[in-house]
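As provided, upload_20.txt (compact mmCIF, C-alpha atoms) reads as follows.
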```
# COMPACT_ATOMS: atom_id res chain seq x y z
CA MET A 1061 0.00 0.00 0.00
CA SER A 1062 1.42 3.36 -1.04
CA ALA A 1063 1.62 6.28 1.40
CA GLU A 1064 -1.35 8.66 1.66
CA GLU A 1065 -0.96 11.13 -1.19
CA THR A 1066 -2.13 14.67 -0.55
CA ARG A 1067 -2.55 17.68 -2.79
CA SER A 1068 -3.09 21.36 -2.11
CA VAL A 1069 -6.39 22.72 -3.39
CA THR A 1070 -7.85 26.22 -3.44
CA LEU A 1071 -11.56 26.61 -3.92
CA THR A 1072 -14.44 28.88 -3.02
CA VAL A 1073 -16.89 27.45 -0.53
CA ASN A 1074 -20.03 29.48 0.18
CA GLY A 1075 -18.25 32.58 -1.08
CA GLU A 1076 -15.08 32.12 0.96
CA ARG A 1077 -11.75 31.14 -0.52
CA VAL A 1078 -10.13 28.20 1.24
CA THR A 1079 -6.81 26.46 0.68
CA ARG A 1080 -6.18 23.05 2.18
CA ALA A 1081 -4.07 19.97 1.68
CA VAL A 1082 -6.43 17.09 0.94
CA PRO A 1083 -5.84 13.34 0.65
CA VAL A 1084 -6.39 12.64 -3.06
CA ARG A 1085 -8.81 9.82 -2.26
CA GLN A 1086 -11.06 11.99 -0.07
CA HIS A 1087 -14.43 12.79 -1.61
CA LEU A 1088 -15.87 16.26 -1.58
CA VAL A 1089 -18.45 15.73 1.17
CA ASP A 1090 -15.94 14.29 3.63
CA PHE A 1091 -13.77 17.32 2.92
CA LEU A 1092 -16.65 19.74 3.49
CA ARG A 1093 -17.81 18.01 6.65
CA MET A 1094 -14.55 17.02 8.30
CA GLU A 1095 -12.14 19.68 7.09
CA LEU A 1096 -14.48 22.69 6.97
CA GLY A 1097 -17.08 21.60 9.53
CA LEU A 1098 -19.94 22.09 7.09
CA THR A 1099 -22.06 19.22 8.33
CA GLY A 1100 -25.27 20.27 6.56
CA SER A 1101 -24.37 18.01 3.63
CA HIS A 1102 -25.14 14.50 4.77
CA ILE A 1103 -23.57 11.18 3.87
CA GLY A 1104 -26.08 8.45 3.17
CA CYS A 1105 -25.07 5.69 0.83
CA GLU A 1106 -21.68 7.00 -0.34
CA HIS A 1107 -22.16 5.50 -3.76
CA GLY A 1108 -24.35 7.97 -5.55
CA ILE A 1109 -27.79 6.50 -4.99
CA CYS A 1110 -29.44 8.47 -2.18
CA GLY A 1111 -28.72 12.14 -2.92
CA ALA A 1112 -28.26 13.20 0.72
CA CYS A 1113 -24.81 14.62 -0.12
CA SER A 1114 -25.99 16.87 -2.98
CA VAL A 1115 -23.99 20.09 -3.26
CA ARG A 1116 -23.65 22.74 -5.94
CA VAL A 1117 -20.37 22.82 -7.86
CA ASP A 1118 -19.79 25.53 -10.47
CA GLY A 1119 -23.50 26.29 -10.58
CA VAL A 1120 -24.96 22.78 -10.87
CA VAL A 1121 -26.06 20.18 -8.34
CA VAL A 1122 -23.80 17.12 -8.06
CA ARG A 1123 -23.34 14.11 -5.83
CA GLY A 1124 -20.76 15.18 -3.28
CA CYS A 1125 -19.70 11.59 -2.72
CA LEU A 1126 -18.99 11.00 -6.42
CA MET A 1127 -16.41 13.72 -6.79
CA LEU A 1128 -12.98 13.88 -5.24
CA ALA A 1129 -12.17 16.95 -3.17
CA VAL A 1130 -9.00 17.36 -5.25
CA GLN A 1131 -11.22 17.73 -8.33
CA ALA A 1132 -12.84 20.79 -6.77
CA ASP A 1133 -9.57 22.72 -7.06
CA GLY A 1134 -10.55 26.09 -8.55
CA ALA A 1135 -14.26 25.34 -8.29
CA GLU A 1136 -17.04 27.29 -6.66
CA VAL A 1137 -18.87 25.11 -4.16
CA VAL A 1138 -22.15 26.00 -2.44
CA THR A 1139 -23.51 23.85 0.36
CA ILE A 1140 -26.86 24.04 2.12
CA GLU A 1141 -25.25 26.44 4.63
CA GLY A 1142 -24.38 28.87 1.82
CA LEU A 1143 -27.69 28.45 0.07
CA THR A 1144 -29.49 29.20 3.35
CA ALA A 1145 -27.37 32.26 4.11
CA SER A 1146 -27.95 33.71 0.64
CA GLU A 1147 -31.72 33.32 1.12
CA GLU A 1148 -31.98 31.98 -2.42
CA ILE A 1149 -34.38 29.30 -1.20
CA ALA A 1150 -35.87 30.98 1.87
CA ASP A 1151 -39.33 30.58 0.29
CA LEU A 1152 -38.76 26.87 -0.37
CA GLN A 1153 -37.53 26.30 3.18
CA ARG A 1154 -40.64 28.05 4.49
CA THR A 1155 -42.95 25.86 2.41
CA PHE A 1156 -41.04 22.74 3.49
CA VAL A 1157 -41.99 23.65 7.06
CA GLU A 1158 -45.54 24.61 6.16
CA ARG A 1159 -46.15 21.42 4.20
CA ASN A 1160 -44.35 19.22 6.73
CA ALA A 1161 -42.06 18.06 3.94
CA MET A 1162 -39.60 16.39 6.28
CA GLN A 1163 -39.62 14.09 9.22
CA CYS A 1164 -36.15 12.94 10.29
CA GLY A 1165 -34.56 15.61 8.09
CA TYR A 1166 -31.65 13.51 6.89
CA CYS A 1167 -32.50 13.87 3.20
CA THR A 1168 -33.66 17.49 3.47
CA PRO A 1169 -30.42 19.34 2.61
CA GLY A 1170 -30.05 17.21 -0.54
CA MET A 1171 -33.72 17.68 -1.42
CA LEU A 1172 -33.33 21.45 -1.11
CA MET A 1173 -30.12 21.52 -3.18
CA THR A 1174 -31.79 19.59 -6.02
CA ALA A 1175 -35.07 21.50 -5.83
CA ALA A 1176 -33.10 24.77 -5.94
CA GLU A 1177 -31.88 23.80 -9.43
CA LEU A 1178 -35.43 23.10 -10.60
CA LEU A 1179 -36.68 26.41 -9.17
CA ALA A 1180 -33.78 28.30 -10.77
CA GLN A 1181 -35.00 27.19 -14.21
CA ARG A 1182 -38.11 29.32 -13.62
CA ALA A 1183 -40.13 27.10 -15.94
CA PRO A 1184 -43.58 25.62 -15.32
CA ALA A 1185 -43.41 22.03 -14.09
CA THR A 1186 -46.13 19.47 -13.43
CA ARG A 1187 -46.09 17.29 -10.33
CA GLU A 1188 -44.84 14.50 -12.59
CA ASP A 1189 -42.00 16.74 -13.82
CA ILE A 1190 -41.11 17.55 -10.22
CA ARG A 1191 -41.08 13.87 -9.27
CA HIS A 1192 -38.80 13.09 -12.22
CA PHE A 1193 -36.46 15.93 -11.34
CA MET A 1194 -36.31 14.84 -7.70
CA SER A 1195 -36.07 11.12 -8.50
CA GLY A 1196 -32.38 10.98 -7.56
CA ASN A 1197 -33.07 11.96 -3.95
CA TYR A 1198 -34.31 9.37 -1.49
CA CYS A 1199 -36.58 10.14 1.43
CA ARG A 1200 -37.38 7.21 3.71
CA CYS A 1201 -39.95 9.05 5.86
CA THR A 1202 -42.38 11.23 3.96
CA GLY A 1203 -43.48 9.25 0.93
CA TYR A 1204 -42.49 12.32 -1.14
CA HIS A 1205 -45.99 13.73 -1.42
CA ALA A 1206 -45.37 16.66 0.91
CA ILE A 1207 -41.98 17.34 -0.70
CA VAL A 1208 -43.61 17.61 -4.13
CA ASP A 1209 -46.31 19.84 -2.57
CA ALA A 1210 -43.70 22.19 -1.17
CA ILE A 1211 -41.72 22.44 -4.39
CA GLU A 1212 -44.86 22.88 -6.49
CA THR A 1213 -46.20 25.59 -4.20
CA THR A 1214 -42.89 27.46 -4.22
CA LEU A 1215 -42.46 27.17 -8.00
CA ASN A 1216 -45.97 28.40 -8.72
CA ALA A 1217 -45.59 31.30 -6.29
CA ARG A 1218 -42.32 32.31 -7.95
CA LEU A 1219 -43.81 32.08 -11.44
CA GLN A 1220 -46.67 34.37 -10.41
CA ARG A 1221 -44.34 37.01 -9.07
CA MET B 308 -16.88 3.17 2.80
CA LYS B 309 -13.90 5.23 1.77
CA ALA B 310 -11.87 4.84 -1.40
CA PRO B 311 -8.57 2.96 -1.09
CA ARG B 312 -5.29 4.77 -1.57
CA PHE B 313 -4.21 5.50 -5.08
CA ARG B 314 -1.91 7.84 -6.96
CA TYR B 315 -3.73 10.72 -8.61
CA VAL B 316 -2.70 12.64 -11.70
CA ARG B 317 -4.66 15.55 -13.09
CA ALA B 318 -3.70 15.28 -16.73
CA GLU B 319 -3.23 18.54 -18.60
CA SER B 320 -2.86 17.09 -22.10
CA LEU B 321 -3.90 14.15 -24.21
CA ASP B 322 -0.26 13.12 -24.69
CA GLU B 323 0.16 12.97 -20.93
CA VAL B 324 -2.85 10.64 -20.60
CA LEU B 325 -1.68 8.36 -23.39
CA GLY B 326 1.84 8.23 -21.91
CA LEU B 327 0.46 7.24 -18.50
CA LEU B 328 -1.86 4.63 -20.05
CA ALA B 329 1.07 3.18 -22.04
CA GLU B 330 3.04 2.87 -18.83
CA HIS B 331 0.32 1.67 -16.44
CA GLY B 332 -2.38 0.05 -18.64
CA ASP B 333 -4.83 -1.88 -16.51
CA ASP B 334 -3.32 -0.58 -13.25
CA ALA B 335 -4.71 2.84 -14.13
CA ARG B 336 -8.32 4.05 -14.24
CA ILE B 337 -9.56 7.02 -16.23
CA LEU B 338 -11.57 9.47 -14.11
CA ALA B 339 -14.02 11.31 -16.37
CA GLY B 340 -17.41 12.11 -14.81
CA GLY B 341 -16.69 9.64 -12.02
CA GLN B 342 -20.35 8.62 -11.68
CA SER B 343 -19.49 4.93 -12.03
CA LEU B 344 -15.82 4.92 -11.01
CA MET B 345 -16.35 6.74 -7.71
CA PRO B 346 -18.95 4.24 -6.41
CA VAL B 347 -16.67 1.28 -7.13
CA LEU B 348 -13.75 3.09 -5.51
CA ASN B 349 -15.85 4.00 -2.45
CA MET B 350 -17.00 0.39 -2.18
CA ARG B 351 -13.44 -0.83 -2.85
CA LEU B 352 -14.60 -3.02 -5.69
CA SER B 353 -11.76 -1.48 -7.66
CA GLN B 354 -8.30 -0.65 -6.28
CA PRO B 355 -6.35 1.00 -9.10
CA ARG B 356 -2.75 2.05 -8.50
CA LEU B 357 -3.28 5.23 -10.49
CA VAL B 358 -6.30 7.44 -11.18
CA ILE B 359 -5.90 9.68 -14.23
CA ASP B 360 -8.27 12.67 -14.10
CA ILE B 361 -9.00 13.84 -17.65
CA ASN B 362 -11.53 16.56 -16.75
CA ARG B 363 -9.24 19.44 -17.71
CA ILE B 364 -8.65 18.27 -21.29
CA ALA B 365 -10.85 20.62 -23.30
CA ALA B 366 -10.16 18.82 -26.60
CA LEU B 367 -12.29 15.91 -25.39
CA LYS B 368 -15.38 18.08 -24.89
CA GLY B 369 -18.04 19.37 -27.23
CA ILE B 370 -20.69 18.54 -29.79
CA ALA B 371 -20.30 19.50 -33.45
CA LEU B 372 -22.14 18.81 -36.68
CA GLN B 373 -19.60 17.84 -39.34
CA GLY B 374 -21.36 17.12 -42.63
CA ASP B 375 -23.68 14.18 -42.03
CA VAL B 376 -22.03 13.18 -38.75
CA VAL B 377 -22.41 14.52 -35.22
CA ARG B 378 -19.13 14.42 -33.33
CA ILE B 379 -19.56 14.05 -29.58
CA GLY B 380 -16.40 14.42 -27.50
CA ALA B 381 -15.99 11.66 -24.91
CA LEU B 382 -15.87 14.14 -22.02
CA THR B 383 -19.13 15.86 -22.99
CA ARG B 384 -21.45 15.67 -20.00
CA HIS B 385 -24.88 14.08 -20.25
CA VAL B 386 -26.52 17.40 -19.38
CA GLU B 387 -24.79 19.00 -22.38
CA VAL B 388 -25.96 16.24 -24.72
CA MET B 389 -29.47 16.58 -23.30
CA GLY B 390 -29.55 20.33 -23.92
CA SER B 391 -27.85 20.29 -27.31
CA PRO B 392 -29.90 21.69 -30.24
CA ILE B 393 -27.69 19.63 -32.62
CA VAL B 394 -28.62 16.42 -30.81
CA ALA B 395 -32.30 17.39 -30.60
CA ARG B 396 -32.43 18.04 -34.33
CA HIS B 397 -30.15 15.36 -35.78
CA LEU B 398 -30.08 12.58 -33.18
CA PRO B 399 -33.67 12.31 -31.90
CA LEU B 400 -33.00 8.77 -30.61
CA ILE B 401 -30.33 10.06 -28.23
CA ALA B 402 -32.50 13.05 -27.29
CA GLU B 403 -35.35 10.68 -26.41
CA ALA B 404 -33.10 8.37 -24.38
CA MET B 405 -31.22 11.05 -22.43
CA PRO B 406 -33.90 11.81 -19.79
CA HIS B 407 -33.72 8.12 -18.83
CA VAL B 408 -30.01 8.40 -18.00
CA ALA B 409 -29.78 8.47 -14.19
CA HIS B 410 -30.85 11.62 -12.36
CA VAL B 411 -30.13 15.33 -12.69
CA ALA B 412 -27.12 15.45 -10.36
CA VAL B 413 -25.54 12.44 -12.10
CA ARG B 414 -26.21 13.87 -15.56
CA ASN B 415 -24.51 17.10 -14.48
CA ARG B 416 -21.22 15.22 -13.98
CA GLY B 417 -21.46 11.94 -15.92
CA THR B 418 -20.02 11.85 -19.43
CA PHE B 419 -21.22 10.48 -22.75
CA GLY B 420 -17.89 8.76 -23.43
CA GLY B 421 -17.58 7.39 -19.92
CA SER B 422 -20.92 5.62 -20.20
CA ILE B 423 -19.88 4.09 -23.53
CA ALA B 424 -16.35 3.13 -22.49
CA LEU B 425 -17.65 1.46 -19.31
CA ALA B 426 -20.32 -0.46 -21.27
CA ASP B 427 -22.63 -1.12 -18.35
CA PRO B 428 -25.26 -3.55 -19.67
CA SER B 429 -28.09 -1.29 -18.42
CA ALA B 430 -26.68 1.91 -19.92
CA GLU B 431 -28.72 3.75 -22.53
CA MET B 432 -26.00 5.39 -24.62
CA PRO B 433 -24.20 2.20 -25.75
CA ALA B 434 -27.52 0.88 -27.10
CA CYS B 435 -28.30 4.16 -28.86
CA ILE B 436 -24.97 4.49 -30.63
CA LEU B 437 -25.17 0.86 -31.72
CA ALA B 438 -28.67 1.41 -33.12
CA LEU B 439 -27.42 4.49 -34.96
CA GLY B 440 -24.37 2.72 -36.41
CA ALA B 441 -21.88 5.12 -34.81
CA SER B 442 -18.07 4.87 -34.87
CA LEU B 443 -15.73 5.33 -31.94
CA VAL B 444 -12.33 6.98 -32.15
CA VAL B 445 -9.77 5.69 -29.65
CA ALA B 446 -6.14 6.67 -29.21
CA SER B 447 -3.04 5.28 -27.57
CA ALA B 448 0.64 6.15 -27.72
CA ARG B 449 0.69 3.67 -30.61
CA GLY B 450 -1.72 5.76 -32.66
CA ARG B 451 -5.40 6.32 -33.36
CA ARG B 452 -8.00 3.97 -34.71
CA THR B 453 -11.70 3.98 -35.41
CA ILE B 454 -13.93 1.13 -34.25
CA VAL B 455 -17.49 0.71 -35.49
CA ALA B 456 -20.04 0.31 -32.68
CA ASP B 457 -20.94 -3.16 -34.02
CA ASP B 458 -17.40 -4.31 -33.10
CA PHE B 459 -17.01 -2.33 -29.87
CA PHE B 460 -19.25 -4.00 -27.28
CA LEU B 461 -17.89 -7.46 -26.59
CA GLY B 462 -19.44 -8.54 -23.29
CA LEU B 463 -20.16 -7.56 -19.71
CA TYR B 464 -18.17 -4.32 -19.21
CA GLU B 465 -15.94 -5.62 -21.99
CA THR B 466 -15.14 -3.56 -25.08
CA ALA B 467 -12.68 -3.52 -27.97
CA ARG B 468 -10.77 -0.69 -26.26
CA GLU B 469 -7.29 -1.88 -25.25
CA PRO B 470 -6.00 -1.04 -21.72
CA ASP B 471 -3.64 1.61 -23.12
CA GLU B 472 -6.34 3.27 -25.22
CA LEU B 473 -8.54 6.27 -24.43
CA LEU B 474 -11.93 6.91 -26.06
CA LEU B 475 -11.67 10.34 -27.69
CA GLU B 476 -14.98 10.86 -29.45
CA VAL B 477 -18.00 9.20 -30.94
CA LEU B 478 -19.06 9.91 -34.52
CA VAL B 479 -22.80 9.44 -34.91
CA PRO B 480 -24.43 9.61 -38.37
CA VAL B 481 -27.32 12.09 -38.42
CA GLN B 482 -30.73 10.50 -38.63
CA LYS B 483 -31.94 10.58 -42.23
CA PRO B 484 -35.27 12.32 -42.93
CA GLU B 485 -36.92 9.04 -44.01
CA HIS B 486 -35.86 7.32 -40.78
CA VAL B 487 -37.80 7.03 -37.53
CA SER B 488 -36.37 6.23 -34.12
CA VAL B 489 -37.89 5.08 -30.86
CA PHE B 490 -36.40 4.58 -27.41
CA MET B 491 -38.11 2.74 -24.54
CA GLU B 492 -37.05 1.15 -21.29
CA VAL B 493 -38.43 -0.47 -18.17
CA SER B 494 -36.93 0.40 -14.80
CA ARG B 495 -38.19 0.19 -11.23
CA ARG B 496 -38.03 3.93 -10.74
CA HIS B 497 -37.43 6.76 -13.20
CA GLY B 498 -33.68 7.11 -13.75
CA ASP B 499 -32.78 3.75 -12.25
CA PHE B 500 -30.90 1.05 -14.13
CA ALA B 501 -32.97 -0.41 -16.95
CA ILE B 502 -34.20 -3.97 -16.52
CA ALA B 503 -35.11 -4.12 -20.21
CA GLY B 504 -34.77 -1.57 -22.96
CA LEU B 505 -34.92 -1.04 -26.67
CA ALA B 506 -33.32 1.52 -28.98
CA CYS B 507 -34.41 1.31 -32.58
CA CYS B 508 -33.98 3.17 -35.81
CA ALA B 509 -35.56 2.27 -39.15
CA ARG B 510 -36.51 3.64 -42.52
CA ALA B 511 -40.26 3.64 -42.18
CA ASP B 512 -43.36 4.92 -43.90
CA ALA B 513 -47.10 4.27 -43.70
CA GLN B 514 -46.71 0.88 -45.42
CA MET B 515 -43.64 -0.78 -43.90
CA LEU B 516 -40.23 -0.45 -42.31
CA GLU B 517 -36.83 -1.33 -43.77
CA ASP B 518 -33.15 -1.05 -42.75
CA ALA B 519 -34.24 -1.48 -39.14
CA ARG B 520 -31.77 -1.74 -36.29
CA LEU B 521 -33.37 -3.05 -33.10
CA VAL B 522 -30.92 -2.92 -30.21
CA TYR B 523 -31.82 -4.48 -26.86
CA PHE B 524 -30.13 -3.66 -23.57
CA GLY B 525 -30.61 -4.09 -19.83
CA SER B 526 -31.51 -7.75 -20.14
CA GLU B 527 -28.28 -8.75 -21.91
CA THR B 528 -24.60 -8.69 -20.98
CA ARG B 529 -24.10 -6.10 -23.71
CA PRO B 530 -26.23 -4.04 -26.11
CA THR B 531 -27.46 -6.56 -28.63
CA LEU B 532 -28.52 -6.05 -32.23
CA ALA B 533 -31.44 -8.42 -32.83
CA ALA B 534 -30.86 -9.73 -36.35
CA ARG B 535 -33.67 -12.30 -36.45
CA ALA B 536 -36.37 -10.08 -34.97
CA THR B 537 -35.33 -7.36 -37.39
CA ALA B 538 -35.54 -9.75 -40.35
CA ALA B 539 -39.04 -10.77 -39.25
CA VAL B 540 -40.42 -7.25 -39.75
CA ALA B 541 -38.08 -5.68 -42.34
CA GLY B 542 -39.54 -5.14 -45.79
CA LYS B 543 -42.95 -6.49 -44.77
CA PRO B 544 -46.20 -4.53 -44.61
CA TRP B 545 -47.20 -3.44 -41.12
CA SER B 546 -49.21 -6.28 -39.58
CA GLN B 547 -49.93 -8.00 -36.31
CA ALA B 548 -48.45 -11.16 -37.83
CA SER B 549 -45.04 -9.60 -38.50
CA HIS B 550 -44.95 -8.12 -34.99
CA ASP B 551 -45.76 -11.57 -33.60
CA ALA B 552 -42.99 -13.07 -35.72
CA ALA B 553 -40.47 -10.48 -34.46
CA CYS B 554 -41.43 -11.22 -30.85
CA ALA B 555 -41.10 -14.96 -31.44
CA ALA B 556 -37.70 -14.53 -33.11
CA LEU B 557 -36.48 -12.52 -30.14
CA ALA B 558 -35.93 -15.75 -28.20
CA GLU B 559 -33.14 -16.58 -30.68
CA ASP B 560 -31.57 -13.12 -30.60
CA LEU B 561 -31.48 -12.60 -26.85
CA ASP B 562 -29.87 -14.45 -23.97
CA PRO B 563 -31.15 -12.59 -20.89
CA ILE B 564 -29.14 -12.67 -17.67
CA ALA B 565 -30.65 -13.70 -14.35
CA ASN B 566 -30.19 -11.25 -11.49
CA ALA B 567 -32.08 -9.46 -8.71
CA SER B 568 -34.27 -7.73 -11.31
CA GLY B 569 -35.71 -10.98 -12.60
CA SER B 570 -35.32 -14.27 -14.39
CA PRO B 571 -34.38 -14.62 -18.07
CA ALA B 572 -38.01 -15.53 -18.87
CA ILE B 573 -39.35 -12.33 -17.27
CA LYS B 574 -36.81 -10.22 -19.13
CA LEU B 575 -37.56 -11.85 -22.47
CA GLN B 576 -41.25 -11.15 -21.86
CA LEU B 577 -40.49 -7.50 -21.01
CA GLN B 578 -38.44 -7.14 -24.20
CA ARG B 579 -41.30 -8.64 -26.22
CA VAL B 580 -43.74 -6.14 -24.71
CA LEU B 581 -41.33 -3.30 -25.51
CA THR B 582 -40.91 -4.63 -29.05
CA ARG B 583 -44.66 -4.44 -29.70
CA ARG B 584 -44.90 -0.97 -28.19
CA ALA B 585 -41.85 0.25 -30.08
CA LEU B 586 -43.01 -1.08 -33.45
CA ASP B 587 -46.40 0.56 -32.91
CA LYS B 588 -44.62 3.78 -32.05
CA VAL B 589 -42.37 3.56 -35.13
CA ARG B 590 -45.46 3.15 -37.27
CA GLU B 591 -47.25 6.01 -35.52
CA ARG B 592 -44.27 8.33 -36.01
CA ALA B 593 -43.87 7.27 -39.64
CA ASN B 594 -47.54 8.11 -40.20
CA GLN B 595 -47.19 11.48 -38.48
CA ARG B 596 -44.22 12.30 -40.68
CA VAL B 597 -46.15 11.36 -43.81
CA LEU B 598 -49.00 13.64 -42.71
CA LEU B 599 -46.61 16.52 -42.13
CA GLN B 600 -45.11 16.26 -45.60
```

Show how you would write the structure in this file as structure tokens.
Amino acid sequence: MSAEETRSVTLTVNGERVTRAVPVRQHLVDFLRMELGLTGSHIGCEHGICGACSVRVDGVVVRGCLMLAVQADGAEVVTIEGLTASEEIADLQRTFVERNAMQCGYCTPGMLMTAAELLAQRAPATREDIRHFMSGNYCRCTGYHAIVDAIETTLNARLQR
Amino acid sequence: MKAPRFRYVRAESLDEVLGLLAEHGDDARILAGGQSLMPVLNMRLSQPRLVIDINRIAALKGIALQGDVVRIGALTRHVEVMGSPIVARHLPLIAEAMPHVAHVAVRNRGTFGGSIALADPSAEMPACILALGASLVVASARGRRTIVADDFFLGLYETAREPDELLLEVLVPVQKPEHVSVFMEVSRRHGDFAIAGLACCARADAQMLEDARLVYFGSETRPTLAARATAAVAGKPWSQASHDAACAALAEDLDPIANASGSPAIKLQLQRVLTRRALDKVRERANQRVLLQ
């Protein structure tokens, strides 16, 4: 077994520039959680199925467990902490509460990160469209109905503005 | 789990990649979108000595119409293929299949070439490029060569690409105006791995279809061109009898694998159902096109 290889990376996380030495085998979510203390991004399956680790990299939502931290060198990363602080999805977070769109909350950061991309498209979407868009995010509590309600309500409110 | 230790190189040029592949061959893995490599690393199903990250090589990206061929760079991400006006206009089969490829976050990273080079038996893109009669350009330090899709997919995750070769681009002939394509698949949940699927392209009109290429995937170890089923319908007037004959012939063309998704008999049945639906859809689209003319 070779020695642990590390590499220096510089990236922007939630608007702040950070430089760290990272083990090359460390995935992005472990880096965000363990190195930067941003524990809003959750680790579920760690092989790209559940979506709990969804983060935004260079403007699009990705699986944080399916990208190495070293690959984020030079990238702009936004986690649920940054998305919350910017108030980009304050309306969606409000409707999640109103519609009771979470129970244990483990999937919620990933749900919000993915839904944020749908909302940013500012295009009409049916409930079926919303379900398709959200199909890569697992929730084991809610049965999804309330999550779709919350996203639909938020999207329609935004489109009427 | 966490990935095992490996050496990591972020390649800055094609020559650098080909040099590393020449030196390390099977001990190296190419990291493109990472949507299949990262899971197997995290689960330690693969323990490569070297991971070669090709994401910075711009020459491998992009979609371009060149005469009657669409060139898709191997590193082009699924989301880019899905949003491409060139693909929408000239490769409607791929445009129809793309929403079935995984989920939004995976499509944002995963690459067209990565899906084809990996040759997962449930993957949509290998079946599509086989149905469309595409060619694949691969390169090694020894030189470049072009492989037709018919000769590329050899078995379960097995392709004609040698360990020192990198897939550079896929050349897909544009769909001719007199052709019709249809894509269908069955999966447990939208975006999940296909249990059975069918990509087909044929010259079709209100009377019949000819030059058909029916490619089945999901149920087989590799995307499979169904020669006997195709022969059963090609050049014959549209009829229930020819559809029945194609479905019957499918038993000779296919050799479904047994796994958690079902037995070979279930998968053959699913492929037969898809065949009927797809042929009906081909006919419907051929009729619509005739009406539009």

Item to complete: Determine, counting all atoms listed in the file, which protein, DNA and RNA residues have an atom within 12 Å of an atom of Ala1135 of chain A; residues of the same chain fewer than 5 positions away are not included. Present the result as a list in words.
Response: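 Listing them by chain and then by number gives Val1069, Thr1070, Leu1071, Thr1072, Val1073, Asn1074, Gly1075, Glu1076, Arg1077, Val1078, Thr1079, Leu1088, Arg1116, Val1117, Asp1118, Gly1119, Val1120, Met1127, Leu1128, Ala1129 and Val1130 of chain A.
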
Worksheet item: Closest to chain A among B:Met308, B:Val377, B:Leu357, B:Leu325, using all atoms listed in the file?
Response: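 Ranking B:Met308, B:Val377, B:Leu357, B:Leu325 by distance to chain A, first place goes to B:Met308.
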
Practice prompt. Dump as a list in words the residues of chain B that approach chain A to within 7 Å, counting only C-alpha atoms.
Written response: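 Result: Met308, Ala310, Pro311, Arg312, Phe313, Arg314, Tyr315, Gly341, Gln342, Met345, Pro346, Asn349, His410, Val411, Ala412, Val413, Asn415, Arg416 and His497 of chain B.
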
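Between atom CA of Gln578 of chain B and atom CA of Gly542 of chain B there is a distance of 21.7 Å.
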
Which residues are near Ala404 of chain B? Cut-off 9 Å, all atoms listed in the file, ignore same chain within fewer than 5 positions. Put them as a CSV table (one decimal) with C-alpha atoms, keeping the file's coordinate frame.
```
chain,number,residue,atom,x,y,z
B,399,PRO,CA,-33.7,12.3,-31.9
B,431,GLU,CA,-28.7,3.8,-22.5
B,432,MET,CA,-26.0,5.4,-24.6
B,435,CYS,CA,-28.3,4.2,-28.9
B,489,VAL,CA,-37.9,5.1,-30.9
B,490,PHE,CA,-36.4,4.6,-27.4
B,491,MET,CA,-38.1,2.7,-24.5
B,492,GLU,CA,-37.0,1.2,-21.3
B,506,ALA,CA,-33.3,1.5,-29.0
```

Fill in: Exercise: residues within 12 Å of coordinate (-43.5, 15.6, 0.9), counting only C-alpha atoms, as an MDAnalysis selection string
chainID A and resid 1155:1163 1165 1167:1168 1171:1172 1187 1190:1191 1194 1198:1213

Discussion item. Show me, as a PyMOL selection string, the residues that have an atom within 8 Å of Gln514 of chain B when counting only C-alpha atoms, minus same-chain residues fewer than 3 positions from it.
Written reply: chain B and resi 511+544-545

Practice prompt. Do a neighbour search on Leu443 of chain B at 7 Å with only C-alpha atoms, toss out local chain neighbours closer than 6 positions, and write the hits as a PyMOL selection string.
Written response: chain B and resi 453-456+476-478

Item to complete: Would you work out the distance separating atom CA of Ala501 of chain B from atom CA of Val481 of chain B, expressed in Å to one decimal?
Response: 25.5 Å

Worksheet item: So what do you get for atom CA of Ala1081 of chain A versus atom CA of Ile1103 of chain A, distance-wise?
Response: 21.5 Å

Worksheet item: Within 7 Å of Ala513 of chain B, counting only C-alpha atoms, which residues qualify if same-chain residues fewer than 4 places away don't, as a list of chain:residue names?
Response: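 After dropping sequence-adjacent residues, the list is B:Arg590, B:Ala593, B:Asn594.
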
How close does each residue of segment 575-594 of chain B get to segment 518-534 of chain B, giving the shortest atom pair and distance in Å to one decimal for every residue with an atom at most 12 Å away, counting only C-alpha atoms, sorted by chain and residue number, as a tab-separated table?
```
residue	atom	partner	partner_atom	distance
B:Leu575	CA	B:Ser526	CA	7.7
B:Gln576	CA	B:Ser526	CA	10.5
B:Leu577	CA	B:Ser526	CA	9.0
B:Gln578	CA	B:Tyr523	CA	7.6
B:Arg579	CA	B:Tyr523	CA	10.4
B:Leu581	CA	B:Tyr523	CA	9.7
B:Thr582	CA	B:Leu521	CA	8.7
B:Arg583	CA	B:Leu521	CA	11.9
B:Ala585	CA	B:Leu521	CA	9.6
B:Leu586	CA	B:Leu521	CA	9.8
B:Val589	CA	B:Ala519	CA	10.4
```

Edge lengths and centre in Å to one decimal, as JSON, of the axis-aligned box that encloses all listed atoms of segment 1191-1210 of chain A with 6 Å added on every side?
```
{"center_x": -39.3, "center_y": 14.7, "center_z": -3.2, "size_x": 25.9, "size_y": 27.0, "size_z": 30.1}
```
